[in-house]
Structure formats: structure tokens, C-alpha cells
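Scroll down for the structure; my scribbles are underneath it.
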Amino acid sequence: MAAERIDVVVIGLGVTGLSAAGALARRGRSVVGIDRWGSGHPVTSSTGASRSTRVAYDDVRYVRLAREAFDGWHRLEVGQGVTLLVESGQIDLGPVAKLDALAAAMRAGDVPFDELDAAGVRGRFPEIAPRDGERALFHAEGGTVLADAALRALRIDAERAGAELAMPERCVAIDAGVDDAEVLTDRRTLRADRVVIAAGPWSGALLSAAGIDLPLAPAVAQVTFLEAPRLVKRPGIVDWLMDGGVGVYGHPVPGIGYKVAFDAGSTDPWLPDVEAWAPDAAEEARVLAWLARRMPGVEPRVALTQRHPWTMTPDGDFAIDRRGPIVVAAGCSGHAFKFGPALGTLVADIADGVERDDLELFSLDRPAMRIGHAVASRPITR
């Protein structure tokens with residue numbers, strides 16, 4: 001069977017792949033996107049009702065990328081007449097050094113924020129029980145991305161731009177040459193100038209087959225949705241690095257209440273062919289114990305607990321770079337979804353060879369990716 005000739009194949013149609021397909025198609029590229037499971041499938045990294053969004057990062061490059069993403073989400077909202085963001089702001093609690101680093105990067109990025117004492121925390125989020133002498137930060141550019149709605153919007157956007165999105169369609173093999181690559185799927189053969197691999201935890205095996213071996217560690221993470229209607233208008237929260245180096249994050253979810261989760265995956269192994277992940281009752285109990293300490297007046301009524309994968313790099317920064325015709329878009333490290341539209345632009349820029357001032361942060365040549373070792377259960381530290 002003769003190969004179909006196109007400009008770009010995107011493998012994996014989660015938030016990054018859909019965003020990249022749309023960005024490249026808007027630049028006039030012919031784009032075919034494929035996904036083994038389908039966007040938002042329960043075993044994929046982009047599944048679920050919601051994700052946290054924030055611009056509070058300890059590196060100004062992430063601050064700028066997050067603000068770019070906000071602009072992208074707003075563009076989709078206006079263009080499609082949908083709601084994708086719940087902009088309730090975010091409170092960051094945690095060690096002084098972490099808060100100082102967040103504050104410094106937000107100042108460098110011209111992001112307004114407030115420094116809070118315990119009374120200020122209670123004023124913003126009355127259900128939180130701050131510790132004696134505890135300080136916190138609040139910034140308004142945070143809250144929730146409605147993830148399932150966001151994926152639908154990104155798919156519509158990419159298809160309107162002319163991208164062909166095929167789901168389910170599985171990549172079977174990749175033959176990378178010097179100038180282009182051939183992708184064999186379970187339906188056809190595609191030859192393209194660029195192949196974007198954005199397949200979440202399946203990226204490592206696909207990249208290895210294309211001759212690119214990276215320190216990537218898929219993990220299984222868990223989230224719990226609380227029936228807590230009075231928290232729907234509250235800010236998001238990050239309780240950084242509190243219990244043995246593991247923190248907790250949360251955000252409001254309209255129609256449900258509030259989502260809470262640890263910022264680290266479990267030690268259970270990720271398995272590539274699992275079609276559903278059963279919740280871990282012990283982990284749910286631990287996050288509810290945190291809730292009892294931090295929000296003692298909130299009744300622990302669980303609406304739903306889900307598990308899904310993410311993929312850690314050695315340093316918690318993404319792996320987005322190019323090797324010949326292969327564009328790597330991997331290593332979400334548990335904090336990528338919020339950046340969706342901005343990551344699409346980043347991937348498209350890398351595919352097109354556009355110079356940017358943030359490429360070093362995601363480079364495959366940075367020391368962590370060259371000599372580091374990824375640990376699946378490592379907490380999110382960004």
C-alpha cells in the first residue's frame with residue numbers, strides 16, 4: 001500500500017497533541033492526528049472533568065507560558081461560545097522558600113498577587129485552617145480548566161483549521177529517516193516531514209522505536225471529587241511539599257464541588273494495555289485525612305475517585321524538542337494540561353525551527369535529560 005504524503009503526523013491526541021495539530025494546521029500544514037484510544041479516554045493522561053490552572057510558578061518562563069495559555073483558552077471560549085475556565089484564583093501555602101520563589105517569578109512576569117497572613121487566608125477561603133504564623137500567596141489568574149470541555153474545544157479548533165483527526169487509530173511502527181519519517185498504523189501508512197509524538201505514557205516506547213531513548217517514567221495518579229457545593233466559588237489551592245515532601249492540590253469543579261489530590265503518583269506500576277484503573281482506597285483515605293486537617297468543617301462526601309497516568313521526567317520539566325523529523329512532546333510531569341494552547345504553539349514552533357527564549361527549559365540536551373533518572377512517584381515540584 002502506498003504511503004499517504006502529508007506535512008505532519010501527530011501521534012497522541014490529548015491536550016498537547018490536539019493543541020499542536022490545531023496550531024500546525026492554522027499555519028497551513030497538512031496534518032493527520034491519530035490516537036490509539038481517543039481523546040479523553042479514561043486510561044489517558046488528559047482524561048477527566050477538570051485540571052488546575054495557575055500562573056504561580058517558580059520560573060518566569062512557566063509564568064509567561066501560563067499567561068499565553070490563558071489567552072489561548074480565552075480565544076477558544078470566544079470563538080466557540082463555550083466556558084473552559086473557572087477563574088477563581090489560587091492560594092499557595094507551603095515552605096517559605098517555595099513561596100518566595102513563586103513570588104519572585106510572578107514579580108518578574110508582572111503578575112499581581114497578594115501576600116496573606118492567616119487571617120488573609122481565612123478571608124479568601126474561610127474553610128481553610130491555616131497553621132499559626134503560616135503565610136500564603138493569592139493570585140487571581142488561577143482556578144480550573146474544565147478539561148473534558150477543553151478537549152472538545154481543541155478538537156473542534158483543529159478540525160476547523162483543516163487537521164484530520166483519526167480515533168481510534170494506533171501507531172504500529174515509526175521509520176525515521178534524515179529528512180522525513182514513515183508512520184505505519186493499524187489502518188494505513190503515512191509519510192511526513194515531521195512526526196510529533198505526544199502519546200503520554202506511551203511516548204517512551206514510540207520514541208525508543210524511532211531511536212530516541214529518554215528517561216521517562218509513567219506513573220498512576222489519583223484524584224478525588226468532593227460533593228461540596230459551597231466550595232465551588234472558592235479559589236484553587238496548593239499545599240506545597242508538606243507531608244514527607246508530597247503536597248496536595250485542589251480546585252473548584254462546577255456541578256460537583258471540589259477536586260483534591262496528592263501531587264505525586266503512586267508506586268503502582270503503569271501498564272500500557274490496562275483499560276481501566278481501579279481507585280486506591282488507601283490513598284483516598286489519606287487525602288481525606290488531609291482534608292480533615294486543612295478544612296475541618298468540610299464534610300468528606302466523595303462523589304468520585306479516579307486514577308489516570310502521567311509521565312515524569314527527572315527534573316519535573318517537560319521534554320519538548322526535535323530530533324531530525326521527530327518532534328518530542330512528552331513528560332507532562334503532572335502539570336501540563338493548563339498550558340494546552342501554549343504547548344501547541346511551542347510544539348509547532350519547534351517543528352518549524354522557530355527560535356524562542358524558553359527552549360532550554362524543555363530541551364532534551366539539558367543535564368537532567370542526558371544523565372538524570374526519572375522516578376514515577378516523584379512529586380510535582382513546579
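Residues are named by chain letter and number: chains run A, B, ... in the order of the C-alpha cells, numbers start at 1 in each chain, and ligands are numbered from 1 in the order shown.
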Q: Skip Ala101 (chain A) itself and residues of its chain fewer than 5 positions away, then list as number ranges by chain all residues within 8 Å of it, counting only C-alpha atoms.
A: A: 57-59
Which residues of region 241-312 of chain A sit at most 7 Å from region 41-51 of chain A, using only C-alpha atoms? Give each one's shortest atom pair and distance in Å (one decimal place), in chain and ascending residue order, as a Markdown table.
```
| residue | atom | partner | partner_atom | distance |
| --- | --- | --- | --- | --- |
| A:Val253 | CA | A:Ser50 | CA | 6.8 |
| A:Glu275 | CA | A:Val43 | CA | 6.0 |
| A:Ala276 | CA | A:Val43 | CA | 5.9 |
| A:His308 | CA | A:Val43 | CA | 5.8 |
| A:Pro309 | CA | A:Ser45 | CA | 5.0 |
| A:Trp310 | CA | A:Ser45 | CA | 5.4 |
```
Q: Would you mind reading off the distance between CA of Arg194 (chain A) and CA of Val375 (chain A), one decimal, in Å?
A: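 So the answer is 29.6 Å.
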Q: Choose the residue, out of A:Gly89, A:Pro130, A:Gly81, A:Pro367, that has the smallest atom-to-atom separation from Pro215 (chain A); count only C-alpha atoms.
A: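 Closest to Pro215 (chain A), using only C-alpha atoms: A:Pro367.
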With a cut-off of 8 Å, could you pull out the residues of region 168-241 of chain A touching region 10-24 of chain A and give me the nearest pair of atoms for each, distance in Å to one decimal, using only C-alpha atoms, ordered by chain and ascending number, as a Markdown table?
```
| residue | atom | partner | partner_atom | distance |
| --- | --- | --- | --- | --- |
| A:Cys171 | CA | A:Ile11 | CA | 7.3 |
| A:Val195 | CA | A:Val10 | CA | 5.9 |
| A:Val196 | CA | A:Val10 | CA | 4.6 |
| A:Ile197 | CA | A:Ile11 | CA | 5.0 |
| A:Ala198 | CA | A:Gly12 | CA | 4.9 |
| A:Ala199 | CA | A:Gly12 | CA | 4.1 |
| A:Gly200 | CA | A:Gly12 | CA | 7.2 |
```
Store the residues picked out above in a file with N, CA and C atoms, as an mmCIF file, in the first residue's frame.
```cif
data_model
loop_
_atom_site.group_PDB
_atom_site.id
_atom_site.type_symbol
_atom_site.label_atom_id
_atom_site.label_comp_id
_atom_site.auth_asym_id
_atom_site.auth_seq_id
_atom_site.Cartn_x
_atom_site.Cartn_y
_atom_site.Cartn_z
ATOM 1 N N CYS A 171 -0.585 3.707 16.233
ATOM 2 C CA CYS A 171 0.727 3.660 15.598
ATOM 3 C C CYS A 171 1.356 2.297 15.866
ATOM 4 N N VAL A 195 7.017 14.252 12.514
ATOM 5 C CA VAL A 195 6.142 13.381 13.299
ATOM 6 C C VAL A 195 6.224 13.849 14.744
ATOM 7 N N VAL A 196 5.106 14.310 15.271
ATOM 8 C CA VAL A 196 5.015 14.763 16.654
ATOM 9 C C VAL A 196 4.561 13.584 17.516
ATOM 10 N N ILE A 197 5.362 13.221 18.500
ATOM 11 C CA ILE A 197 4.999 12.134 19.407
ATOM 12 C C ILE A 197 4.563 12.766 20.723
ATOM 13 N N ALA A 198 3.241 12.742 20.924
ATOM 14 C CA ALA A 198 2.618 13.352 22.109
ATOM 15 C C ALA A 198 1.682 12.336 22.737
ATOM 16 N N ALA A 199 2.193 11.143 22.943
ATOM 17 C CA ALA A 199 1.359 9.999 23.318
ATOM 18 C C ALA A 199 1.383 9.693 24.808
ATOM 19 N N GLY A 200 1.647 10.705 25.629
ATOM 20 C CA GLY A 200 1.602 10.488 27.072
ATOM 21 C C GLY A 200 2.523 9.357 27.500
#
```
